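Engineer: Sharing data-v8.tsv here; it has TSV, C-alpha atoms.
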chain	number	residue	atom	x	y	z
A	1	MET	CA	20.99	6.55	-8.84
A	2	ASN	CA	20.17	6.75	-5.13
A	3	THR	CA	17.17	5.02	-3.53
A	4	ARG	CA	14.99	8.13	-3.41
A	5	ASP	CA	15.52	8.78	-7.11
A	6	GLN	CA	14.75	5.13	-7.91
A	7	VAL	CA	11.45	5.31	-6.02
A	8	VAL	CA	10.51	8.62	-7.64
A	9	GLN	CA	11.36	7.26	-11.09
A	10	PHE	CA	9.26	4.14	-10.42
A	11	LEU	CA	6.25	6.17	-9.27
A	12	LYS	CA	6.44	8.61	-12.17
A	13	SER	CA	7.09	6.18	-14.99
A	14	HIS	CA	5.86	2.63	-14.35
A	15	ARG	CA	2.91	2.07	-16.68
A	16	SER	CA	1.20	-0.52	-14.46
A	17	ILE	CA	0.40	2.21	-11.93
A	18	ASP	CA	-2.25	3.34	-14.43
A	19	ALA	CA	-4.34	0.34	-13.27
A	20	VAL	CA	-4.38	1.49	-9.63
A	21	ASN	CA	-7.59	3.51	-9.69
A	22	PHE	CA	-10.37	2.58	-7.26
A	23	LYS	CA	-12.59	3.63	-4.36
A	24	PHE	CA	-13.24	1.57	-1.23
A	25	ARG	CA	-15.58	3.02	1.36
A	26	THR	CA	-14.32	6.59	1.86
A	27	TYR	CA	-10.82	5.93	0.46
A	28	LYS	CA	-9.93	6.98	-3.09
A	29	ILE	CA	-6.72	5.91	-4.85
A	30	TRP	CA	-5.70	7.06	-8.34
A	31	PRO	CA	-2.51	7.01	-10.48
A	32	ASP	CA	-1.53	10.66	-10.04
A	33	ALA	CA	-1.63	10.23	-6.27
A	34	TYR	CA	1.55	8.20	-6.79
A	35	ARG	CA	2.96	9.98	-9.86
A	36	LYS	CA	2.55	13.49	-8.46
A	37	ASN	CA	1.59	13.57	-4.78
A	38	VAL	CA	3.93	10.94	-3.33
A	39	ALA	CA	6.69	11.36	-5.92
A	40	ASN	CA	6.81	15.12	-5.39
A	41	ALA	CA	6.70	14.75	-1.59
A	42	LEU	CA	9.70	12.42	-1.83
A	43	ALA	CA	11.55	14.80	-4.14
A	44	ARG	CA	10.91	17.74	-1.78
A	45	GLY	CA	11.92	15.76	1.30
A	46	ASP	CA	8.48	15.97	2.93
A	47	ILE	CA	8.67	12.18	2.92
A	48	LYS	CA	12.13	11.03	3.84
A	49	ILE	CA	13.78	7.81	2.65
A	50	GLY	CA	15.28	5.46	5.24
A	51	SER	CA	16.40	1.84	5.35
A	52	ALA	CA	15.06	0.52	8.70
A	53	VAL	CA	12.71	-2.21	7.48
A	54	ASN	CA	10.96	-4.76	9.72
A	55	ASP	CA	10.27	-8.45	9.09
A	56	ASN	CA	12.52	-8.74	6.03
A	57	ALA	CA	10.05	-6.67	3.98
A	58	ALA	CA	11.04	-4.65	0.92
A	59	ALA	CA	9.56	-1.46	2.37
A	60	THR	CA	7.72	0.11	5.32
A	61	TYR	CA	5.97	3.47	5.71
A	62	ARG	CA	6.03	5.21	9.11
A	63	GLN	CA	3.09	7.60	9.31
A	64	ASP	CA	4.23	9.39	12.48
A	65	GLN	CA	7.62	10.11	10.90
A	66	ASP	CA	6.58	10.64	7.26
A	67	ARG	CA	9.32	8.24	6.36
A	68	LEU	CA	9.43	5.57	3.66
A	69	GLU	CA	11.84	2.82	4.59
A	70	ILE	CA	13.30	0.85	1.67
A	71	SER	CA	15.29	-2.31	2.32
A	72	PRO	CA	18.87	-2.21	0.99
A	73	THR	CA	18.05	-5.54	-0.69
A	74	ALA	CA	14.93	-4.25	-2.48
A	75	ASN	CA	15.11	-5.11	-6.17
A	76	PHE	CA	13.70	-2.43	-8.46
A	77	ALA	CA	13.69	-4.94	-11.33
A	78	SER	CA	11.32	-7.22	-9.39
A	79	THR	CA	7.58	-6.63	-9.85
A	80	LYS	CA	7.02	-8.26	-6.45
A	81	ASP	CA	9.27	-5.76	-4.70
A	82	LEU	CA	7.79	-2.88	-6.69
A	83	GLY	CA	4.34	-4.03	-5.59
A	84	LEU	CA	5.48	-3.94	-1.96
A	85	ILE	CA	6.92	-0.44	-2.42
A	86	LEU	CA	3.68	0.71	-4.02
A	87	HIS	CA	1.77	-0.85	-1.09
A	88	GLU	CA	3.74	1.34	1.32
A	89	CYS	CA	3.33	4.42	-0.87
A	90	THR	CA	-0.43	3.84	-0.62
A	91	HIS	CA	-0.13	4.31	3.14
A	92	ALA	CA	1.61	7.61	2.34
A	93	ILE	CA	-1.31	8.68	0.13
A	94	ILE	CA	-3.76	8.07	2.97
A	95	ASP	CA	-1.45	9.84	5.43
A	96	MET	CA	-1.26	12.86	3.12
A	97	GLY	CA	-5.06	12.98	3.01
A	98	ALA	CA	-5.10	14.27	6.62
A	99	ILE	CA	-8.22	12.30	7.52
A	100	GLY	CA	-7.18	11.91	11.15
A	101	VAL	CA	-7.07	8.71	13.17
A	102	HIS	CA	-8.83	5.95	11.24
A	103	SER	CA	-9.08	2.17	10.90
A	104	GLY	CA	-5.68	0.55	10.46
A	105	HIS	CA	-7.37	-2.53	9.03
A	106	GLU	CA	-9.13	-0.49	6.33
A	107	ASP	CA	-5.87	1.34	5.61
A	108	GLU	CA	-4.12	-1.99	5.09
A	109	ALA	CA	-6.98	-3.27	2.91
A	110	VAL	CA	-6.60	-0.27	0.61
A	111	ALA	CA	-2.83	-0.83	0.40
A	112	TYR	CA	-3.25	-4.54	-0.41
A	113	LEU	CA	-5.81	-3.69	-3.08
A	114	ALA	CA	-3.48	-1.14	-4.65
A	115	GLU	CA	-0.66	-3.70	-4.67
A	116	ALA	CA	-3.01	-6.23	-6.29
A	117	PHE	CA	-4.17	-3.88	-9.07
A	118	PHE	CA	-0.53	-3.09	-9.83
A	119	LEU	CA	0.65	-6.71	-9.87
A	120	ILE	CA	-2.25	-7.92	-12.00
A	121	ARG	CA	-1.42	-5.32	-14.64
A	122	ALA	CA	2.35	-5.85	-14.36
A	123	ASP	CA	2.25	-9.66	-14.38
A	124	GLY	CA	-0.88	-10.20	-16.46
A	125	ALA	CA	-2.25	-12.48	-13.72
A	126	LYS	CA	-5.56	-14.12	-14.60
A	127	ASP	CA	-5.44	-17.36	-12.58
A	128	VAL	CA	-6.93	-16.01	-9.34
A	129	PRO	CA	-9.81	-18.12	-7.95
A	130	GLU	CA	-13.15	-16.30	-7.99
A	131	VAL	CA	-14.26	-17.75	-4.64
A	132	PRO	CA	-13.68	-15.44	-1.62
A	133	VAL	CA	-10.82	-16.51	0.63
A	134	PRO	CA	-12.21	-17.98	3.88
A	135	LEU	CA	-10.87	-16.95	7.28
A	136	SER	CA	-9.42	-20.46	7.70
A	137	ALA	CA	-6.98	-19.71	4.84
A	138	ASN	CA	-5.47	-16.75	6.68
A	139	ALA	CA	-1.88	-17.97	6.40
A	140	ALA	CA	0.85	-16.46	8.57
A	141	ASN	CA	2.74	-15.27	5.49
A	142	GLY	CA	-0.21	-13.15	4.38
A	143	GLU	CA	-0.88	-15.10	1.18
A	144	GLY	CA	-4.58	-15.42	2.03
A	145	ILE	CA	-4.84	-11.63	2.26
A	146	ARG	CA	-2.97	-11.15	-1.01
A	147	GLN	CA	-5.06	-13.76	-2.80
A	148	GLU	CA	-8.28	-12.09	-1.67
A	149	ALA	CA	-6.99	-8.64	-2.70
A	150	LYS	CA	-6.09	-10.03	-6.15
A	151	ARG	CA	-9.49	-11.69	-6.48
A	152	ILE	CA	-11.25	-8.41	-5.73
A	153	ALA	CA	-8.97	-6.34	-7.97
A	154	LEU	CA	-9.28	-8.77	-10.88
A	155	LYS	CA	-13.08	-8.73	-10.53
A	156	ALA	CA	-13.03	-4.93	-10.63
A	157	LEU	CA	-10.79	-4.87	-13.69
A	158	ARG	CA	-12.90	-7.47	-15.53
A	159	ASN	CA	-16.12	-5.56	-14.87
A	160	ASN	CA	-14.61	-2.07	-15.31
A	161	MET	CA	-15.62	-1.21	-11.74
A	162	TYR	CA	-14.30	1.84	-9.89
A	163	CYS	CA	-15.97	1.20	-6.53
A	164	ILE	CA	-15.05	-1.95	-4.61
A	165	GLU	CA	-18.16	-3.85	-3.55
A	166	GLU	CA	-18.75	-3.72	0.20
A	167	LYS	CA	-19.13	-7.49	0.61
A	168	ASP	CA	-15.73	-8.04	-1.02
A	169	GLY	CA	-13.96	-5.26	0.84
A	170	ALA	CA	-15.46	-6.36	4.14
A	171	ASN	CA	-14.04	-9.87	3.73
A	172	LEU	CA	-10.59	-8.44	3.01
A	173	VAL	CA	-10.77	-6.18	6.07
A	174	LEU	CA	-11.81	-9.17	8.20
A	175	LEU	CA	-8.88	-11.25	6.95
A	176	ILE	CA	-6.55	-8.41	7.91
A	177	ALA	CA	-8.21	-7.76	11.28
A	178	GLU	CA	-7.88	-11.43	12.26
A	179	HIS	CA	-4.30	-11.84	11.04
A	180	PRO	CA	-1.68	-12.13	13.83
A	181	HIS	CA	0.47	-9.40	12.27
A	182	TYR	CA	-2.35	-6.85	12.07
A	183	TYR	CA	-4.99	-7.58	14.69
A	184	LYS	CA	-3.51	-5.10	17.20
A	185	MET	CA	-3.01	-2.40	14.54
A	186	THR	CA	-6.52	-1.03	14.94
A	187	ARG	CA	-5.86	2.70	14.42
A	188	TYR	CA	-3.53	4.57	12.04
A	189	PRO	CA	-2.83	8.33	11.97
A	190	SER	CA	-3.24	10.56	8.91
A	191	ASN	CA	-1.97	14.08	9.48
A	192	ARG	CA	-0.06	15.18	6.36
A	193	PHE	CA	3.48	15.85	7.60
A	194	HIS	CA	2.57	17.18	11.05
A	195	ARG	CA	5.04	15.60	13.49
A	196	ASN	CA	5.79	16.18	17.14
A	197	LEU	CA	9.38	16.85	18.19
A	198	PHE	CA	10.01	13.22	19.15
A	199	TYR	CA	8.98	11.82	15.78
A	200	SER	CA	10.81	14.62	13.97
A	201	PHE	CA	13.94	13.54	15.84
A	202	LEU	CA	13.41	9.84	15.03
A	203	ARG	CA	12.91	10.59	11.36
A	204	ASN	CA	16.40	12.06	11.15
A	205	ILE	CA	18.25	9.22	12.87
As a first step, turn the structure in this file into structure tokens.
Structural biologist:
Amino acid sequence: MNTRDQVVQFLKSHRSIDAVNFKFRTYKIWPDAYRKNVANALARGDIKIGSAVNDNAAATYRQDQDRLEISPTANFASTKDLGLILHECTHAIIDMGAIGVHSGHEDEAVAYLAEAFFLIRADGAKDVPEVPVPLSANAANGEGIRQEAKRIALKALRNNMYCIEEKDGANLVLLIAEHPHYYKMTRYPSNRFHRNLFYSFLRNI
């Protein structure tokens, strides 16, 4: 099975995606956005699969190219790697929403939350501290961001909440905005498969 088919199969069949259903500010994420919207876009070729991944990550999504990059070393039997792939597919959902140029830090917060909902359901994680992660714990490896996303997602699951509370989401966005990897990524595009000639060329390299 090739990489595209593995991603499509994961999105269509993994039961833990059922837990990824929430709203933060104006962003809405739900299971069929992965199972139908992203999976079908991959199957049609509207989103192309590549393998050019930065920073030893399992996956990357390039909005300007409508291209999902999957590392050749990504392990589809690993819930961690699947969480990272789902994180990047969340960027694709927002891109497909055609909301225009928007906050990159909010976009990342939504993707980290989606990853957290998925991993909590997949791993059965319950040992997340209930205290918000302070800015001083913003580790270079992103663990502070992931811990805060898990705290927020677990709180939502415990209380059967659909909407993420603003005070929680704002802290996550701040952690992302102040992180060295993300602080310059202030704006992301969302244009649903509209590419200029340059990015259309890059997508096919």
Engineer: Which is closer to Ala41 in chain A than all the others in A:Leu175, A:Leu68, A:Val53, A:Ala109, using all atoms listed in the file?
Structural biologist: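 For Ala41 in chain A, the nearest of the given residues is A:Leu68.
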Engineer: Taking into account only C-alpha atoms, which residue in the set A:Ala156, A:Ala114, A:Leu202, A:Ala52 is nearest to Glu130 in chain A?
Structural biologist: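 When distances to Glu130 in chain A are compared using only C-alpha atoms, the smallest one comes from A:Ala156.
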Engineer: At a cut-off of 10 Å, using only C-alpha atoms, what residues contact Asn204 in chain A? Leave out same-chain residues fewer than 4 positions from it and give the result as a PyMOL selection string.
Structural biologist: chain A and resi 48-50+65+67+199-200
Engineer: What gap, in Å, lies between CA of Leu42 in chain A and CA of Ser13 in chain A?
Structural biologist: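 These atoms are spaced 14.8 Å apart.
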Engineer: Would you compute the distance between CA of Lys36 in chain A and CA of Arg151 in chain A? Give it in Å to one decimal.
Structural biologist: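 We find that CA of Lys36 in chain A and CA of Arg151 in chain A lie 28.0 Å from each other.
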Engineer: Go through A:Ala140, A:Ala19, A:Glu166, A:Ile145 and flag the residue nearest Ile120 in chain A, using only C-alpha atoms for the distances.
Structural biologist: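 Counting only C-alpha atoms, the residue closest to Ile120 in chain A is A:Ala19.
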Engineer: Could you tell me which of A:Leu86, A:Leu119, A:Ala170, A:Ala92 comes closest to Val133 in chain A if we count all atoms listed in the file?
Structural biologist: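 Closest to Val133 in chain A, using all atoms listed in the file: A:Ala170.
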Engineer: So the first atom is CA of Tyr188 in chain A and the second is CA of Val38 in chain A; what is the distance between them in Å, to one decimal place?
Structural biologist: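 CA of Val38 in chain A lies at a distance of 18.2 Å from CA of Tyr188 in chain A.
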Engineer: List every protein, DNA or RNA residue with an atom no more than 9 Å from (-4.9, -2.1, 6.1) in the file's coordinates, counting all atoms listed in the file, and format the result as a PyMOL selection string.
Structural biologist: chain A and resi 91+103-112+173+176-177+182+185
Engineer: Find the residue from A:Asp123, A:Gly169, A:Ile93, A:Ser71 that sits nearest to Asn37 in chain A; use only C-alpha atoms when measuring.
Structural biologist: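 That would be A:Ile93, the residue with the smallest distance to Asn37 in chain A.
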Engineer: Identify the residues within 12 Å of coordinate (-12.4, -2.5, -12.4) (same frame as the file), considering only C-alpha atoms, and give the answer as JSON, numbers by chain.
Structural biologist: {"A": [18, 19, 20, 21, 22, 23, 24, 113, 114, 116, 117, 120, 121, 150, 151, 152, 153, 154, 155, 156, 157, 158, 159, 160, 161, 162, 163, 164, 165]}
Engineer: Would you list the contacts of Asn141 in chain A as a list in words, taking every protein, DNA or RNA residue within 10 Å and counting all atoms listed in the file, but skipping same-chain residues closer than 4 positions in sequence?
Structural biologist: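 These residues fall inside the cut-off: Ile145, Arg146, His179, Pro180 and His181 of chain A.
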Engineer: Out of A:Glu143, A:Asp66, A:Asp81, A:Thr90, which residue has the shortest atom-to-atom distance to Asp32 in chain A when counting all atoms listed in the file?
Structural biologist: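 Closest candidate: A:Thr90.
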Engineer: Excluding Ile17 in chain A and any residue of its chain fewer than 2 positions from it, enumerate the residues within 8 Å of it, using all atoms listed in the file, and give them as a ChimeraX atom specification.
Structural biologist: /A:11,14-15,19-20,31,34,118
